[in-house]
file query.txt (compact mmCIF, C-alpha atoms and all ligand atoms)
# COMPACT_ATOMS: atom_id res chain seq x y z
CA MET A 1 166.68 110.81 315.60
CA ASN A 2 168.33 114.21 315.48
CA LEU A 3 166.59 117.31 314.24
CA LYS A 4 168.27 117.43 310.83
CA ASN A 5 167.49 113.81 310.08
CA LYS A 6 163.91 114.20 311.14
CA TYR A 7 163.54 117.31 308.98
CA PHE A 8 165.12 115.49 306.06
CA GLU A 9 162.73 112.60 306.47
CA LEU A 10 159.64 114.80 306.51
CA CYS A 11 160.75 117.14 303.77
CA TYR A 12 162.62 114.90 301.34
CA THR A 13 161.82 111.27 302.07
CA MET A 14 158.12 111.72 302.75
CA ARG A 15 157.96 114.91 300.73
CA ILE A 16 155.42 116.66 302.89
CA HIS A 17 154.81 119.82 300.92
CA GLU A 18 151.04 120.01 301.08
CA PHE A 19 148.32 119.57 303.66
CA SER A 20 147.01 116.33 302.19
CA LYS A 21 150.43 114.77 302.82
CA VAL A 22 150.19 115.82 306.45
CA ASP A 23 146.82 114.09 306.67
CA GLN A 24 148.34 110.94 305.25
CA TYR A 25 151.35 111.09 307.52
CA LYS A 26 149.23 111.64 310.62
CA ASN A 27 146.58 109.18 309.55
CA TRP A 28 144.01 111.94 309.71
CA THR A 29 140.94 112.19 307.55
CA TYR A 30 141.31 114.48 304.57
CA GLY A 31 141.15 118.16 305.52
CA GLN A 32 142.19 117.83 309.14
CA ALA A 33 145.64 119.28 308.65
CA ARG A 34 144.32 122.36 306.94
CA LYS A 35 141.97 122.96 309.84
CA ARG A 36 144.66 122.51 312.38
CA TYR A 37 147.56 124.42 310.82
CA LYS A 38 147.57 127.85 309.23
CA SER A 39 150.61 126.90 307.20
CA LEU A 40 152.87 123.97 306.53
CA ASN A 41 155.53 125.76 308.54
CA GLU A 42 153.27 125.36 311.55
CA PHE A 43 153.12 121.66 310.95
CA TYR A 44 156.91 121.43 310.71
CA GLN A 45 157.36 123.45 313.89
CA ASP A 46 154.88 121.30 315.71
CA GLU A 47 156.30 118.04 314.47
CA LEU A 48 159.91 118.98 315.10
CA ASN A 49 159.03 120.76 318.30
CA ILE A 50 160.88 123.95 317.39
CA ASN A 51 159.97 127.63 316.97
CA SER A 52 159.87 129.50 313.68
CA ASP A 53 163.40 130.90 314.10
CA LYS A 54 164.79 127.44 314.44
CA LEU A 55 162.81 126.20 311.47
CA ASN A 56 164.12 129.08 309.35
CA LYS A 57 167.63 128.26 310.39
CA LEU A 58 167.12 124.64 309.46
CA ARG A 59 165.68 125.61 306.08
CA LYS A 60 168.69 127.85 305.43
CA GLU A 61 171.06 125.01 306.15
CA PHE A 62 169.27 122.92 303.56
CA LYS A 63 169.10 125.73 301.02
CA ILE A 64 171.85 124.60 298.65
CA PHE A 65 170.77 120.99 298.91
CA ASP A 66 167.20 122.06 298.32
CA LYS A 67 168.08 123.92 295.15
CA LEU A 68 170.00 120.95 293.77
CA TYR A 69 167.27 118.59 294.86
CA SER A 70 164.62 120.41 292.87
CA LYS A 71 166.97 120.61 289.91
CA TYR A 72 168.14 117.02 289.80
CA PHE A 73 166.00 114.68 291.86
CA ASN A 74 164.11 111.91 290.19
CA GLU A 75 163.14 108.43 291.33
CA GLU A 76 166.01 106.77 289.50
CA ARG A 77 168.54 108.99 291.25
CA LYS A 78 166.99 108.66 294.67
CA GLY A 79 170.10 106.98 296.13
CA LEU A 80 172.23 110.05 295.44
CA PHE A 81 169.98 112.18 297.62
CA ASP A 82 169.66 109.84 300.58
CA ASN A 83 172.11 111.83 302.61
CA PRO A 84 172.47 115.59 301.99
CA GLU A 85 176.03 115.77 303.26
CA ASN A 86 177.23 112.99 300.98
CA PHE A 87 175.36 114.48 298.08
CA LEU A 88 176.97 117.90 298.60
CA LYS A 89 180.37 116.30 298.95
CA TRP A 90 179.88 114.59 295.59
CA TYR A 91 178.47 117.76 294.03
CA ASN A 92 181.35 119.95 295.18
CA LYS A 93 183.80 117.60 293.55
CA GLN A 94 182.15 118.24 290.18
CA LYS A 95 183.48 121.81 290.06
CA ASP A 96 180.46 123.09 288.19
CA SER A 97 181.76 121.91 284.84
CA CYS A 98 181.39 119.05 282.37
CA ASN A 99 183.36 116.02 283.45
CA TYR A 100 184.31 115.27 279.84
CA CYS A 101 184.90 118.51 277.94
CA ASP A 102 185.37 120.84 280.94
CA ILE A 103 182.92 123.46 279.77
CA THR A 104 181.71 125.39 282.81
CA GLN A 105 178.14 126.16 283.78
CA SER A 106 178.76 129.85 283.18
CA ALA A 107 180.15 129.17 279.70
CA LEU A 108 177.02 127.17 278.91
CA HIS A 109 174.92 130.12 280.02
CA GLU A 110 177.03 132.29 277.76
CA ILE A 111 176.11 130.03 274.81
CA VAL A 112 172.45 130.25 275.78
CA LYS A 113 172.75 134.05 275.61
CA LYS A 114 174.45 133.91 272.23
CA ARG A 115 171.61 131.74 271.00
CA ASN A 116 169.02 134.28 272.14
CA GLY A 117 167.93 132.58 275.31
CA ASN A 118 167.77 128.97 274.17
CA LEU A 119 170.42 126.34 274.06
CA THR A 120 168.28 124.17 271.83
CA LEU A 121 168.06 124.97 268.14
CA ASN A 122 164.40 124.04 267.83
CA GLN A 123 163.11 125.99 270.86
CA LYS A 124 162.20 122.80 272.72
CA THR A 125 162.36 123.58 276.42
CA LYS A 126 164.15 120.46 277.58
CA ARG A 127 167.83 121.44 277.85
CA SER A 128 167.03 125.00 276.77
CA LYS A 129 168.65 126.57 279.83
CA GLY A 130 171.94 124.76 279.33
CA THR A 131 171.97 123.27 282.81
CA LEU A 132 174.70 120.75 283.56
CA GLU A 133 173.20 117.28 283.80
CA ILE A 134 173.85 114.25 285.96
CA GLU A 135 175.27 111.51 283.79
CA LYS A 136 176.19 107.90 284.43
CA LEU A 137 179.75 107.06 283.41
CA ASN A 138 178.76 103.49 282.80
CA PRO A 139 175.17 103.32 281.49
CA SER A 140 174.65 99.77 282.70
CA GLU A 141 175.25 100.77 286.31
CA GLY A 142 173.02 102.88 288.50
CA TYR A 143 173.33 106.39 289.88
CA THR A 144 175.97 105.92 292.56
CA TYR A 145 178.46 108.58 293.62
CA SER A 146 181.29 106.81 291.84
CA ASN A 147 179.30 106.27 288.65
CA SER A 148 177.75 109.75 288.43
CA VAL A 149 179.27 112.95 287.15
CA LEU A 150 178.02 116.32 286.00
CA CYS A 151 178.24 116.78 282.29
CA CYS A 152 177.06 119.23 279.66
CA PRO A 153 173.91 118.56 277.64
CA PHE A 154 176.01 118.22 274.47
CA CYS A 155 178.25 115.46 275.81
CA ASN A 156 175.37 113.76 277.58
CA ASN A 157 173.16 113.74 274.54
CA ALA A 158 175.80 112.64 272.08
CA LYS A 159 177.53 110.05 274.22
CA SER A 160 174.19 108.63 275.30
CA ASN A 161 174.34 104.88 275.83
CA LEU A 162 176.19 104.44 272.56
CA ILE A 163 179.74 105.43 273.39
CA SER A 164 181.79 104.33 276.38
CA GLU A 165 183.23 106.81 278.84
CA GLU A 166 186.74 106.02 277.74
CA ASP A 167 186.03 106.43 274.05
CA TRP A 168 184.08 109.61 274.65
CA ARG A 169 187.04 111.15 276.43
CA ARG A 170 189.46 109.94 273.81
CA PHE A 171 187.67 110.71 270.55
CA PHE A 172 184.97 113.25 271.22
CA ALA A 173 185.67 115.43 274.26
CA PRO A 174 188.53 117.29 272.49
CA VAL A 175 186.28 117.96 269.51
CA MET A 176 183.56 119.22 271.81
CA LYS A 177 186.03 121.67 273.32
CA ASN A 178 186.88 123.03 269.88
CA TYR A 179 183.23 123.35 269.06
CA PHE A 180 182.53 125.36 272.21
CA ASN A 181 185.51 127.60 271.61
CA SER A 182 184.28 128.36 268.14
CA ILE A 183 180.90 129.43 269.53
CA LEU A 184 182.26 131.37 272.46
CA LEU A 185 184.89 133.25 270.48
CA LYS A 186 182.43 134.37 267.84
ZN ZN B 1 180.74 118.33 277.77

call {"tool": "encode", "arguments": {"input": "query.txt", "output": "structure tokens", "more": "lines below"}}
Ligand SMILES: [Zn+2]
result
Amino acid sequence: MNLKNKYFELCYTMRIHEFSKVDQYKNWTYGQARKRYKSLNEFYQDELNINSDKLNKLRKEFKIFDKLYSKYFNEERKGLFDNPENFLKWYNKQKDSCNYCDITQSALHEIVKKRNGNLTLNQKTKRSKGTLEIEKLNPSEGYTYSNSVLCCPFCNNAKSNLISEEDWRRFFAPVMKNYFNSILLK
């Protein structure tokens, strides 16, 4: 197994981000890893057989993936994250905008600002930052690359599992665009 794959396995598949996970992975009794390593970095260096410079370099290479992983990973979407390169390829195709109404991430942040720091009208934190979401084009299929797109919280919430992709594009996406323009031009 090459270095990148091994790192991916430890960091993302096994999710070794604390000493107790190292104990589990090594089949050690609880507390052994903490005794043996001053930091988790030491464990990674040891396991991958590399020095700290190399580990830092590796971490840098995974930086963008890592950011997106913490933003979007959940068990249901696991398949999307199986291979960082494929995931990034898919992500880069999304152009940082809603697949339906085209609103960009930066325009969504602009709306958040105009609403005094919250996208939501009732101050609930879910969706408050206006982050683009991963949405399934066809709700009865899973999260595959061909069935997943980035979309804005407005389209995602309203389309839900009630309106088909085709109908959403046809009837509602244009209206959504008008709505956003009216907010942004205010
Ligand atoms: Zn949208």

call {"tool": "closest_residue", "arguments": {"input": "query.txt", "among": "A:Ile163, A:Leu3, A:Val112, A:Ile103", "to": "Arg59 of chain A", "atoms": "all atoms listed in the file"}}
result
A:Leu3

call {"tool": "closest_residue", "arguments": {"input": "query.txt", "among": "A:Cys101, A:Leu10, A:Ala33, A:Leu162", "to": "ligand ZN 1 (chain B)", "atoms": "only C-alpha atoms and all ligand atoms"}}
result
A:Cys101

call {"tool": "closest_residue", "arguments": {"input": "query.txt", "among": "A:Leu150, A:Lys38, A:Tyr30, A:Phe180", "to": "Lys95 of chain A", "atoms": "all atoms listed in the file"}}
result
A:Leu150

call {"tool": "atom_distance", "arguments": {"input": "query.txt", "atom1": "atom CA of Glu85 of chain A", "atom2": "atom CA of Ile16 of chain A"}}
result
20.6 Å

call {"tool": "atom_distance", "arguments": {"input": "query.txt", "atom1": "atom CA of Glu133 of chain A", "atom2": "atom CA of Ser182 of chain A"}}
result
22.2 Å

call {"tool": "closest_residue", "arguments": {"input": "query.txt", "among": "A:Lys78, A:Lys136, A:Lys186, A:Arg169", "to": "ligand ZN 1 (chain B)", "atoms": "all atoms listed in the file"}}
result
A:Arg169

call {"tool": "residues_around", "arguments": {"input": "query.txt", "residues": "Leu88 of chain A", "least_positions_apart": "5", "cutoff": "12 Å", "atoms": "all atoms listed in the file", "output": "list of chain:residue names"}}
result
A:Glu61, A:Phe62, A:Lys63, A:Ile64, A:Phe65, A:Asp66, A:Lys67, A:Leu68, A:Tyr69, A:Leu80, A:Phe81, A:Asp82, A:Asn83, A:Lys93, A:Gln94, A:Lys95, A:Tyr145

call {"tool": "residues_around", "arguments": {"input": "query.txt", "residues": "Cys155 of chain A", "least_positions_apart": "4", "cutoff": "9 Å", "atoms": "only C-alpha atoms", "output": "list in words"}}
result
Cys98, Tyr100, Cys101, Cys151, Lys159, Ser160, Trp168, Phe172, Ala173 and Met176 of chain A

call {"tool": "atom_distance", "arguments": {"input": "query.txt", "atom1": "atom CA of Lys21 of chain A", "atom2": "atom CA of Asn86 of chain A"}}
result
26.9 Å

call {"tool": "closest_residue", "arguments": {"input": "query.txt", "among": "A:Lys114, A:Thr120, A:Ser146, A:Asp102", "to": "ligand ZN 1 (chain B)", "atoms": "all atoms listed in the file"}}
result
A:Asp102

call {"tool": "residues_near_point", "arguments": {"input": "query.txt", "point": "(177.2, 110.4, 283.2)", "cutoff": "6 Å", "atoms": "all atoms listed in the file", "output": "ChimeraX atom specification"}}
result
/A:134-137,148-149

call {"tool": "residues_around", "arguments": {"input": "query.txt", "residues": "Leu108 of chain A", "least_positions_apart": "6", "cutoff": "10 Å", "atoms": "all atoms listed in the file", "output": "PyMOL selection string"}}
result
chain A and resi 97-98+114+119+129-132+152-153+180+184

call {"tool": "closest_residue", "arguments": {"input": "query.txt", "among": "A:Arg77, A:His109, A:Lys57, A:Thr13", "to": "Thr144 of chain A", "atoms": "all atoms listed in the file"}}
result
A:Arg77

call {"tool": "residues_around", "arguments": {"input": "query.txt", "residues": "Asn161 of chain A", "least_positions_apart": "6", "cutoff": "9 Å", "atoms": "only C-alpha atoms", "output": "compact mmCIF listing (two decimals) with C-alpha atoms, keeping the file's coordinate frame"}}
result
# COMPACT_ATOMS: atom_id res chain seq x y z
CA ASN A 138 178.76 103.49 282.80
CA PRO A 139 175.17 103.32 281.49
CA SER A 140 174.65 99.77 282.70
